[in-house]
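As structure tokens, the structure follows; a few thoughts come after it.
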Amino acid sequence: MQSSPSKSLRGKASIPGDKSISHRALILSSQVIGNTQIDGLLEGEDVLRTAKALGLLGVNIKRASSHTWQVQGVGVGGLSEPGDVLDMGNSGTGTRLMMGLVAPYPFTSFFTGDDSLRGRPMKRVMTPLEHMGIRFTAREGGKLPLAVFGTSQTLPIEYTLPVASAQIKSAILLAALNTAGKTTVIEPEATRDHTEHMLRYFGWQVETTKLSGGALSIAVTGHQNIPSSDRQITVPGDPSSAAFLVVAALIIPGSDIVISHVAINPLRIGLYNTLREMGASITFTNHRVSAGEEVADIQVRHSELRGVTVPAERAPSMIDEYPILAVAASFAKGKTVMKGLGELKVKESDRLAAIENGLKLCGVAYDTKNDVLTVSGNAQPPQGGAVIQTHYDHRIAMSFLVMGMASKQPVHIDDGSSINTSFPGFAELMNSLGAGITVATAPKPVLQKMPALTIAIDGPASSGKGTLARRLAENFGYLYLDTGSIYRAVGLKLIYSGKDPYDKRAAIDAAMGLSEQDLANPRLRQERIGQAASIISAIPEVRSVLLDFQRRFGKNPKGAVLDGRDIGTVVCPDADVKIFITASLETRAKRRHRELQGEGIEVVYESVLEDLRERDERDAQRSVAPLIPATDAIVIDTSHLDADTVFLQVVNIIRQKYFSSKIA
Ligand code: S3P
């Protein structure tokens, strides 16, 4: 997906239901006798997984109409052994809450999930449930897939949360419903209390006590008598989803929007308090209470923001909002310091790393140390113009699309499908307010009647730029020039005539005598030739001799793709498309090693790594054509991307820019 700089956002929006409350509405409706109608349920993939898991446990759940669902509750103790694995998809909340729910039952439940969920820690929920008498078998490190060996003989516990997590608290409270005696959770730091609110709304007694020192004790006695009855709940809008609209309106000049019916539970609005401290114009109006939750309409106007310090204690009340706060901070004046971000590393992705990577690619200054992220803004829009890897994390995807609405260049994300886990219809809703988010489709093979473009692909050694450039040339029917081969050809001439690559005069002569045929010599790929090329390419006179040759090639009327290190900056500063490919040193060394092995060349990996490291150092120090992306280049970090993905992303970028109106 791509988002382009937008005009002001205006109008009224209503957003999908709250994800946390939706999970709890389904789960707790299953634990009472009677029919519960849930209006405004979030129909995102995460919540639908919870509905499906409850179905496998014998609960009858039906979708009555759009966002209205009916749950036929079976009451506490009424679940039956699931006939299949509970596949929770991407949802950490669904998994952890459901693990607690099924624990006090005399049957075994199997849980799994997608790649991201299978990498997330479950020990934090297993440990307290083990104290209650439950046994588990999980993968190394307490990861999914795992089996919960439940028992109807669970014991009540008193448990102090080692991590401020509403999911752990809720798992214990749900297990407590079917456990004789009083189970107590102690929270040193308050976390979202939707489970407690909804338990009370349904008729359970929940004792919440403030302890000395500020901790909170939450106690539930099991097997309470909840009268059977039909019920109704309206799920309010999700403040974590509203956050994307709020920040978009704040950073796009002239914006003025209202988001109706949003949950404003005090333990969820840390971001809103922070943004207000930064100078944001955010007003809550029309306060009301719905199913035990505070709700309001939110008005937001474009505002000049300034950096603030966000204390670690605030993290639980805005844990999902740091990616979008980092975006807001990129537009603010001064430093925004966000403390206590350790938990971000175990969310749907390592969010801290994903934020850093996205900020770096969009040209935002930041620094991270000891779980503290500092973003430095200068009250100007960041550069943007990057492809962001989302790691199938919905909040990373939406945050950087918001960045692209107000940065200088459009921002692309590699995959927008994760957005459906929490915010179906995100792009359509944003666009209805004035944003310009587009979805790229898979590219078609070779297309006829292309305009003849000049495409510049730059990047460090073994970053994959050659593979990409060759494939692009093939796809669009353009000519291809590996500019590295020009320097290699000069190097080859020198080496084979017994000259030293440091001999400047000889190198200039060899460059002047270069012909097209020299570029086809199979010996060009030899490692020693590559090293010679790296030496002579740092000689300014050699570069200027070869510059004309490359420029002529770039202007070829058939269209041209050139790859090198200074194509976008020096050789073809007017190129139509500029891409800068990078990857970590280790990734590049691995690729190069594999490539050499494929060519039948036996070298040890360590020497390839060492070689590249030296080349990088030389590249970084050289004064001629230093390796830097052009200011209007799109930077793609391919460390975690395969060649196909990079190719498709770039084809889509080119197609969107030049062919969108011409291709069906
Ligand atoms: C949630 C709690 C938070 C939050 C998640 C939803 C919940 O996780 O990140 O999106 O509904 O209880 P933790 O409790 O693990 O911090």
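Letters A, B, ... mark the chains of the structure tokens in the order given; residue numbers begin at 1 per chain; ligand numbers begin at 1, in order shown.
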
How would you write, as a short mmCIF file (atom, residue, chain, number, x, y, z; two decimals) with N, CA, C and O atoms, in the first residue's frame, the set of residues no farther than 6 Å from ligand 1 when counting only C-alpha atoms and all ligand atoms?
```cif
data_model
loop_
_atom_site.label_atom_id
_atom_site.label_comp_id
_atom_site.auth_asym_id
_atom_site.auth_seq_id
_atom_site.Cartn_x
_atom_site.Cartn_y
_atom_site.Cartn_z
N SER A 20 -10.04 -4.95 22.44
CA SER A 20 -10.00 -5.57 23.78
C SER A 20 -11.41 -5.87 24.27
O SER A 20 -11.70 -6.95 24.80
N THR A 93 -3.96 -11.39 22.44
CA THR A 93 -5.02 -11.21 23.44
C THR A 93 -5.94 -12.42 23.43
O THR A 93 -6.23 -13.01 24.48
N SER A 165 0.58 -6.34 32.47
CA SER A 165 -0.13 -6.87 31.31
C SER A 165 -1.56 -7.23 31.65
O SER A 165 -1.83 -8.09 32.50
N ALA A 166 -2.50 -6.56 30.95
CA ALA A 166 -3.92 -6.85 31.15
C ALA A 166 -4.26 -8.25 30.66
O ALA A 166 -5.23 -8.85 31.12
N GLN A 167 -3.47 -8.74 29.74
CA GLN A 167 -3.76 -10.08 29.22
C GLN A 167 -3.49 -11.13 30.29
O GLN A 167 -4.28 -12.07 30.45
N ILE A 319 0.22 1.36 25.50
CA ILE A 319 1.23 0.41 25.03
C ILE A 319 1.15 0.17 23.51
O ILE A 319 2.16 -0.03 22.86
N ASP A 320 -0.06 0.22 22.96
CA ASP A 320 -0.19 -0.04 21.52
C ASP A 320 0.00 1.22 20.69
O ASP A 320 -0.05 1.17 19.46
#
```

Quiz prompt | Which of range 231-384 of chain A DSSP labels strand (DSSP E or B), written as a ChimeraX atom specification | solution = /A:231-234,237,256-263,281-290,293-301,306,309-310,333-338,365-369,372-378,384

### 12 Å contact set for range 223-228 of chain A, only C-alpha atoms, chain neighbours under 2 positions out, as an MDAnalysis selection string
chainID A and resid 28:36 72:78 104 152 156 174:183 199:206 220:221 230:231

* Near-Ala630 in chain A list (7 Å; only C-alpha atoms; drop same-chain fewer than 2 positions) as a list in words ->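 Everything that qualifies: Gly568, Thr569, Ile628, Asp632 and Ala633 of chain A.
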
| query | Counting only C-alpha atoms, what is within 9 Å of Ile455 in chain A, bar same-chain residues fewer than 6 positions away, as an MDAnalysis selection string? | reply | chainID A and resid 469 472:473 554 559:563 567:568 572 575:579

Grab the residues selected above and save them as a compact mmCIF listing (two decimals), in the first residue's frame with all heavy atoms.
```
# COMPACT_ATOMS: atom_id res chain seq x y z
N ALA A 469 17.94 -4.90 -10.63
CA ALA A 469 18.03 -4.10 -11.85
C ALA A 469 17.82 -4.97 -13.09
O ALA A 469 17.08 -4.59 -14.01
CB ALA A 469 19.40 -3.41 -11.90
N LEU A 472 14.15 -5.86 -13.39
CA LEU A 472 13.34 -4.71 -13.80
C LEU A 472 13.48 -4.48 -15.30
O LEU A 472 12.50 -4.23 -16.01
CB LEU A 472 13.75 -3.45 -13.04
CG LEU A 472 13.40 -3.40 -11.56
CD1 LEU A 472 13.99 -2.15 -10.93
CD2 LEU A 472 11.89 -3.44 -11.35
N ALA A 473 14.73 -4.55 -15.79
CA ALA A 473 14.99 -4.31 -17.20
C ALA A 473 14.21 -5.33 -18.04
O ALA A 473 13.54 -4.99 -19.01
CB ALA A 473 16.48 -4.41 -17.49
N GLY A 554 22.07 5.81 -20.09
CA GLY A 554 20.86 6.16 -19.34
C GLY A 554 19.81 6.85 -20.19
O GLY A 554 18.61 6.76 -19.91
N GLY A 559 14.69 3.04 -22.96
CA GLY A 559 14.55 2.96 -21.51
C GLY A 559 15.74 2.20 -20.95
O GLY A 559 16.29 1.32 -21.62
N ALA A 560 16.20 2.57 -19.76
CA ALA A 560 17.41 1.95 -19.22
C ALA A 560 17.33 1.79 -17.71
O ALA A 560 16.74 2.61 -17.01
CB ALA A 560 18.62 2.83 -19.57
N VAL A 561 17.90 0.70 -17.25
CA VAL A 561 18.06 0.48 -15.82
C VAL A 561 19.56 0.42 -15.55
O VAL A 561 20.27 -0.34 -16.21
CB VAL A 561 17.42 -0.84 -15.36
CG1 VAL A 561 17.46 -0.95 -13.84
CG2 VAL A 561 15.99 -0.96 -15.86
N LEU A 562 20.05 1.25 -14.64
CA LEU A 562 21.47 1.24 -14.31
C LEU A 562 21.63 0.96 -12.83
O LEU A 562 20.89 1.52 -12.02
CB LEU A 562 22.12 2.61 -14.60
CG LEU A 562 22.24 3.04 -16.06
CD1 LEU A 562 20.96 3.71 -16.52
CD2 LEU A 562 23.40 4.01 -16.21
N ASP A 563 22.55 0.06 -12.50
CA ASP A 563 22.79 -0.09 -11.07
C ASP A 563 24.23 0.25 -10.73
O ASP A 563 25.12 0.08 -11.56
CB ASP A 563 22.38 -1.48 -10.58
CG ASP A 563 23.40 -2.56 -10.84
OD1 ASP A 563 24.46 -2.51 -10.20
OD2 ASP A 563 23.13 -3.46 -11.65
N ILE A 567 24.40 6.32 -9.18
CA ILE A 567 23.58 6.53 -10.38
C ILE A 567 22.55 7.64 -10.11
O ILE A 567 22.40 8.57 -10.89
CB ILE A 567 22.86 5.23 -10.81
CG1 ILE A 567 23.84 4.07 -10.90
CG2 ILE A 567 22.13 5.44 -12.14
CD1 ILE A 567 24.95 4.26 -11.89
N GLY A 568 21.87 7.51 -8.96
CA GLY A 568 20.82 8.48 -8.65
C GLY A 568 21.37 9.85 -8.26
O GLY A 568 20.70 10.87 -8.39
N CYS A 572 22.92 9.85 -13.11
CA CYS A 572 21.62 10.23 -13.68
C CYS A 572 20.78 10.95 -12.63
O CYS A 572 19.79 10.40 -12.14
CB CYS A 572 20.86 9.00 -14.16
SG CYS A 572 21.74 8.02 -15.36
N ALA A 575 17.08 10.85 -13.14
CA ALA A 575 16.40 9.56 -13.37
C ALA A 575 14.94 9.65 -12.94
O ALA A 575 14.61 10.36 -11.98
CB ALA A 575 17.12 8.46 -12.59
N ASP A 576 14.09 8.91 -13.64
CA ASP A 576 12.65 8.96 -13.32
C ASP A 576 12.36 8.23 -12.02
O ASP A 576 11.49 8.61 -11.26
CB ASP A 576 11.86 8.29 -14.45
CG ASP A 576 12.13 8.96 -15.78
OD1 ASP A 576 11.68 10.10 -15.94
OD2 ASP A 576 12.83 8.37 -16.62
N VAL A 577 13.11 7.15 -11.78
CA VAL A 577 12.88 6.36 -10.57
C VAL A 577 14.24 6.12 -9.93
O VAL A 577 15.19 5.75 -10.62
CB VAL A 577 12.26 4.98 -10.91
CG1 VAL A 577 12.05 4.15 -9.66
CG2 VAL A 577 10.96 5.14 -11.69
N LYS A 578 14.32 6.37 -8.62
CA LYS A 578 15.58 6.12 -7.91
C LYS A 578 15.31 5.21 -6.72
O LYS A 578 14.48 5.54 -5.86
CB LYS A 578 16.18 7.44 -7.40
CG LYS A 578 16.56 8.40 -8.51
CD LYS A 578 17.17 9.64 -7.92
CE LYS A 578 17.41 10.68 -9.00
NZ LYS A 578 17.93 11.92 -8.45
N ILE A 579 16.02 4.11 -6.71
CA ILE A 579 15.85 3.17 -5.61
C ILE A 579 17.22 2.98 -4.98
O ILE A 579 18.22 2.82 -5.68
CB ILE A 579 15.35 1.79 -6.11
CG1 ILE A 579 14.09 1.93 -6.99
CG2 ILE A 579 15.12 0.81 -4.96
CD1 ILE A 579 12.81 2.19 -6.27
```

Q) Restricting the calculation to only C-alpha atoms, which member of A:Val102, A:Ile186, A:Val148, A:Phe136 is positioned closest to Thr209 in chain A? A)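 Answer, going by the shortest atom-to-atom distance: A:Ile186.
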
**Study point:** For Met403 in chain A, the nearest of the candidates A:Ile259, A:Met338, A:Ala248, A:Ile508, counting only C-alpha atoms
**Key:**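 Selected residue with least distance to Met403 in chain A: A:Ala248.
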
Discussion item. Using only C-alpha atoms for the distances, tell me which of A:Ala643, A:Ala103, A:Leu146, A:Val635 is nearest to His131 in chain A.
Written reply: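 Ranking A:Ala643, A:Ala103, A:Leu146, A:Val635 by distance to His131 in chain A, first place goes to A:Ala103.
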
Name the residues in contact with Gly11 in chain A at a cut-off of 12 Å, using only C-alpha atoms, excluding same-chain residues fewer than 6 positions from it; report them as a PDB file with all heavy atoms, in the first residue's frame.
```
ATOM      1  N   LEU A 245      -6.335   8.158  13.181  1.00  0.00           N
ATOM      2  CA  LEU A 245      -7.038   9.305  12.610  1.00  0.00           C
ATOM      3  C   LEU A 245      -6.622  10.578  13.345  1.00  0.00           C
ATOM      4  O   LEU A 245      -6.439  11.636  12.741  1.00  0.00           O
ATOM      5  CB  LEU A 245      -8.558   9.125  12.738  1.00  0.00           C
ATOM      6  CG  LEU A 245      -9.238   8.204  11.723  1.00  0.00           C
ATOM      7  CD1 LEU A 245      -8.891   6.756  11.971  1.00  0.00           C
ATOM      8  CD2 LEU A 245     -10.746   8.377  11.756  1.00  0.00           C
ATOM      9  N   ALA A 249      -4.859  13.797  11.611  1.00  0.00           N
ATOM     10  CA  ALA A 249      -5.458  15.138  11.620  1.00  0.00           C
ATOM     11  C   ALA A 249      -4.510  16.160  12.251  1.00  0.00           C
ATOM     12  O   ALA A 249      -4.427  17.308  11.801  1.00  0.00           O
ATOM     13  CB  ALA A 249      -6.791  15.118  12.365  1.00  0.00           C
ATOM     14  N   GLY A 254      -4.686  22.171   8.330  1.00  0.00           N
ATOM     15  CA  GLY A 254      -6.069  22.464   7.947  1.00  0.00           C
ATOM     16  C   GLY A 254      -7.066  21.401   8.358  1.00  0.00           C
ATOM     17  O   GLY A 254      -8.263  21.535   8.114  1.00  0.00           O
ATOM     18  N   SER A 255      -6.602  20.333   8.994  1.00  0.00           N
ATOM     19  CA  SER A 255      -7.527  19.233   9.328  1.00  0.00           C
ATOM     20  C   SER A 255      -8.413  19.577  10.520  1.00  0.00           C
ATOM     21  O   SER A 255      -7.997  20.284  11.435  1.00  0.00           O
ATOM     22  CB  SER A 255      -6.744  17.956   9.651  1.00  0.00           C
ATOM     23  OG  SER A 255      -6.014  17.541   8.544  1.00  0.00           O
ATOM     24  N   ASP A 256      -9.611  19.019  10.498  1.00  0.00           N
ATOM     25  CA  ASP A 256     -10.570  19.201  11.590  1.00  0.00           C
ATOM     26  C   ASP A 256     -11.561  18.051  11.491  1.00  0.00           C
ATOM     27  O   ASP A 256     -12.392  18.025  10.583  1.00  0.00           O
ATOM     28  CB  ASP A 256     -11.283  20.555  11.427  1.00  0.00           C
ATOM     29  CG  ASP A 256     -12.153  20.885  12.638  1.00  0.00           C
ATOM     30  OD1 ASP A 256     -12.361  19.994  13.477  1.00  0.00           O
ATOM     31  OD2 ASP A 256     -12.629  22.041  12.717  1.00  0.00           O
ATOM     32  N   ILE A 257     -11.467  17.077  12.386  1.00  0.00           N
ATOM     33  CA  ILE A 257     -12.348  15.908  12.280  1.00  0.00           C
ATOM     34  C   ILE A 257     -12.985  15.591  13.630  1.00  0.00           C
ATOM     35  O   ILE A 257     -12.500  16.013  14.686  1.00  0.00           O
ATOM     36  CB  ILE A 257     -11.596  14.644  11.785  1.00  0.00           C
ATOM     37  CG1 ILE A 257     -10.475  14.236  12.772  1.00  0.00           C
ATOM     38  CG2 ILE A 257     -11.024  14.841  10.387  1.00  0.00           C
ATOM     39  CD1 ILE A 257      -9.871  12.863  12.476  1.00  0.00           C
ATOM     40  N   VAL A 258     -14.095  14.837  13.554  1.00  0.00           N
ATOM     41  CA  VAL A 258     -14.739  14.349  14.780  1.00  0.00           C
ATOM     42  C   VAL A 258     -14.865  12.831  14.643  1.00  0.00           C
ATOM     43  O   VAL A 258     -15.284  12.323  13.603  1.00  0.00           O
ATOM     44  CB  VAL A 258     -16.133  14.979  14.964  1.00  0.00           C
ATOM     45  CG1 VAL A 258     -16.839  14.348  16.162  1.00  0.00           C
ATOM     46  CG2 VAL A 258     -16.017  16.489  15.152  1.00  0.00           C
ATOM     47  N   ILE A 259     -14.464  12.118  15.697  1.00  0.00           N
ATOM     48  CA  ILE A 259     -14.597  10.658  15.694  1.00  0.00           C
ATOM     49  C   ILE A 259     -15.624  10.321  16.775  1.00  0.00           C
ATOM     50  O   ILE A 259     -15.442  10.692  17.943  1.00  0.00           O
ATOM     51  CB  ILE A 259     -13.254   9.972  16.013  1.00  0.00           C
ATOM     52  CG1 ILE A 259     -12.134  10.575  15.145  1.00  0.00           C
ATOM     53  CG2 ILE A 259     -13.340   8.474  15.776  1.00  0.00           C
ATOM     54  CD1 ILE A 259     -10.736  10.276  15.666  1.00  0.00           C
ATOM     55  N   SER A 260     -16.692   9.664  16.381  1.00  0.00           N
ATOM     56  CA  SER A 260     -17.775   9.490  17.350  1.00  0.00           C
ATOM     57  C   SER A 260     -17.684   8.156  18.087  1.00  0.00           C
ATOM     58  O   SER A 260     -17.148   7.175  17.569  1.00  0.00           O
ATOM     59  CB  SER A 260     -19.126   9.616  16.648  1.00  0.00           C
ATOM     60  OG  SER A 260     -19.166   8.748  15.564  1.00  0.00           O
ATOM     61  N   ILE A 298     -14.666  12.519  19.871  1.00  0.00           N
ATOM     62  CA  ILE A 298     -13.352  13.175  19.938  1.00  0.00           C
ATOM     63  C   ILE A 298     -13.204  14.142  18.771  1.00  0.00           C
ATOM     64  O   ILE A 298     -13.351  13.746  17.617  1.00  0.00           O
ATOM     65  CB  ILE A 298     -12.209  12.130  19.877  1.00  0.00           C
ATOM     66  CG1 ILE A 298     -12.358  11.116  21.008  1.00  0.00           C
ATOM     67  CG2 ILE A 298     -10.851  12.805  19.924  1.00  0.00           C
ATOM     68  CD1 ILE A 298     -11.299  10.039  21.031  1.00  0.00           C
ATOM     69  N   GLN A 299     -12.952  15.414  19.102  1.00  0.00           N
ATOM     70  CA  GLN A 299     -12.685  16.383  18.031  1.00  0.00           C
ATOM     71  C   GLN A 299     -11.186  16.679  17.993  1.00  0.00           C
ATOM     72  O   GLN A 299     -10.556  16.915  19.030  1.00  0.00           O
ATOM     73  CB  GLN A 299     -13.455  17.676  18.270  1.00  0.00           C
ATOM     74  CG  GLN A 299     -13.057  18.734  17.237  1.00  0.00           C
ATOM     75  CD  GLN A 299     -14.073  19.838  17.078  1.00  0.00           C
ATOM     76  OE1 GLN A 299     -14.666  20.255  18.059  1.00  0.00           O
ATOM     77  NE2 GLN A 299     -14.265  20.299  15.857  1.00  0.00           N
ATOM     78  N   VAL A 300     -10.616  16.645  16.798  1.00  0.00           N
ATOM     79  CA  VAL A 300      -9.170  16.896  16.646  1.00  0.00           C
ATOM     80  C   VAL A 300      -8.955  17.933  15.560  1.00  0.00           C
ATOM     81  O   VAL A 300      -9.555  17.841  14.482  1.00  0.00           O
ATOM     82  CB  VAL A 300      -8.415  15.623  16.172  1.00  0.00           C
ATOM     83  CG1 VAL A 300      -6.923  15.799  16.397  1.00  0.00           C
ATOM     84  CG2 VAL A 300      -8.934  14.393  16.831  1.00  0.00           C
ATOM     85  N   ARG A 301      -8.086  18.894  15.841  1.00  0.00           N
ATOM     86  CA  ARG A 301      -7.716  19.890  14.824  1.00  0.00           C
ATOM     87  C   ARG A 301      -6.213  19.874  14.632  1.00  0.00           C
ATOM     88  O   ARG A 301      -5.460  19.618  15.583  1.00  0.00           O
ATOM     89  CB  ARG A 301      -8.110  21.291  15.278  1.00  0.00           C
ATOM     90  CG  ARG A 301      -9.598  21.469  15.406  1.00  0.00           C
ATOM     91  CD  ARG A 301      -9.958  22.957  15.419  1.00  0.00           C
ATOM     92  NE  ARG A 301     -11.393  23.107  15.538  1.00  0.00           N
ATOM     93  CZ  ARG A 301     -12.018  23.316  16.679  1.00  0.00           C
ATOM     94  NH1 ARG A 301     -11.337  23.431  17.797  1.00  0.00           N
ATOM     95  NH2 ARG A 301     -13.329  23.421  16.708  1.00  0.00           N
ATOM     96  N   LEU A 429     -11.812   4.451   5.069  1.00  0.00           N
ATOM     97  CA  LEU A 429     -12.247   5.478   6.015  1.00  0.00           C
ATOM     98  C   LEU A 429     -11.331   6.705   5.935  1.00  0.00           C
ATOM     99  O   LEU A 429     -11.797   7.849   5.858  1.00  0.00           O
ATOM    100  CB  LEU A 429     -12.257   4.910   7.438  1.00  0.00           C
ATOM    101  CG  LEU A 429     -12.674   5.885   8.535  1.00  0.00           C
ATOM    102  CD1 LEU A 429     -14.105   6.375   8.312  1.00  0.00           C
ATOM    103  CD2 LEU A 429     -12.583   5.236   9.906  1.00  0.00           C
ATOM    104  N   MET A 430     -10.032   6.467   5.916  1.00  0.00           N
ATOM    105  CA  MET A 430      -9.075   7.575   5.818  1.00  0.00           C
ATOM    106  C   MET A 430      -9.320   8.358   4.525  1.00  0.00           C
ATOM    107  O   MET A 430      -9.334   9.591   4.533  1.00  0.00           O
ATOM    108  CB  MET A 430      -7.642   7.041   5.809  1.00  0.00           C
ATOM    109  CG  MET A 430      -7.114   6.705   7.168  1.00  0.00           C
ATOM    110  SD  MET A 430      -6.916   8.215   8.150  1.00  0.00           S
ATOM    111  CE  MET A 430      -5.876   7.638   9.456  1.00  0.00           C
ATOM    112  N   ASN A 431      -9.521   7.638   3.437  1.00  0.00           N
ATOM    113  CA  ASN A 431      -9.723   8.314   2.148  1.00  0.00           C
ATOM    114  C   ASN A 431     -11.022   9.118   2.150  1.00  0.00           C
ATOM    115  O   ASN A 431     -11.103  10.175   1.531  1.00  0.00           O
ATOM    116  CB  ASN A 431      -9.707   7.301   1.001  1.00  0.00           C
ATOM    117  CG  ASN A 431      -8.300   6.753   0.752  1.00  0.00           C
ATOM    118  OD1 ASN A 431      -7.324   7.273   1.290  1.00  0.00           O
ATOM    119  ND2 ASN A 431      -8.202   5.710  -0.046  1.00  0.00           N
ATOM    120  N   SER A 432     -12.044   8.626   2.880  1.00  0.00           N
ATOM    121  CA  SER A 432     -13.313   9.366   2.905  1.00  0.00           C
ATOM    122  C   SER A 432     -13.138  10.708   3.616  1.00  0.00           C
ATOM    123  O   SER A 432     -13.902  11.644   3.415  1.00  0.00           O
ATOM    124  CB  SER A 432     -14.417   8.539   3.574  1.00  0.00           C
ATOM    125  OG  SER A 432     -14.208   8.528   4.975  1.00  0.00           O
ATOM    126  N   LEU A 433     -12.089  10.811   4.451  1.00  0.00           N
ATOM    127  CA  LEU A 433     -11.824  12.088   5.138  1.00  0.00           C
ATOM    128  C   LEU A 433     -10.885  12.982   4.321  1.00  0.00           C
ATOM    129  O   LEU A 433     -10.650  14.127   4.686  1.00  0.00           O
ATOM    130  CB  LEU A 433     -11.180  11.809   6.504  1.00  0.00           C
ATOM    131  CG  LEU A 433     -12.035  11.069   7.528  1.00  0.00           C
ATOM    132  CD1 LEU A 433     -11.207  10.703   8.753  1.00  0.00           C
ATOM    133  CD2 LEU A 433     -13.240  11.905   7.957  1.00  0.00           C
ATOM    134  N   GLY A 434     -10.297  12.404   3.255  1.00  0.00           N
ATOM    135  CA  GLY A 434      -9.421  13.229   2.411  1.00  0.00           C
ATOM    136  C   GLY A 434      -8.038  12.664   2.173  1.00  0.00           C
ATOM    137  O   GLY A 434      -7.224  13.282   1.492  1.00  0.00           O
ATOM    138  N   ALA A 435      -7.734  11.486   2.743  1.00  0.00           N
ATOM    139  CA  ALA A 435      -6.387  10.914   2.568  1.00  0.00           C
ATOM    140  C   ALA A 435      -6.259  10.283   1.182  1.00  0.00           C
ATOM    141  O   ALA A 435      -7.253  10.079   0.495  1.00  0.00           O
ATOM    142  CB  ALA A 435      -6.120   9.868   3.644  1.00  0.00           C
TER     143      ALA A 435
END
```

Residue with the minimum atom-to-atom distance to His640 in chain A, picked from A:Asp238, A:Glu428, A:Asp414, A:Glu610 with only C-alpha atoms counted, is A:Asp414

Exercise. Just the residues within 9 Å of range 323-337 of chain A, please, counting only C-alpha atoms, with nothing from its chain fewer than 4 positions along; format it as a VMD selection string.
Key: chain A and resid 243 to 244 247 to 248 250 to 251 271 274 to 275 278 304 to 311 351 to 352 354 to 355 359 364 to 366 372 to 382 395 to 396 398 to 400 402 to 403 406 to 407

message: If DSSP is run on the backbone, what residues of range 219-378 of chain A are alpha helix (DSSP H)? A reply as a ChimeraX atom specification would be ideal.
response: /A:239-251,270-277,322-331,351-361

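Between CA of Asp566 in chain A and CA of Pro460 in chain A there is a distance of 10.3 Å.
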
Practice problem: Check the smallest atom-to-atom distance from each of A:Ile634, A:Ile61, A:Ile535, A:Leu609 to Ser462 in chain A using only C-alpha atoms, then report the winner. | Solution: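 Among the listed residues, A:Leu609 lies closest to Ser462 in chain A.
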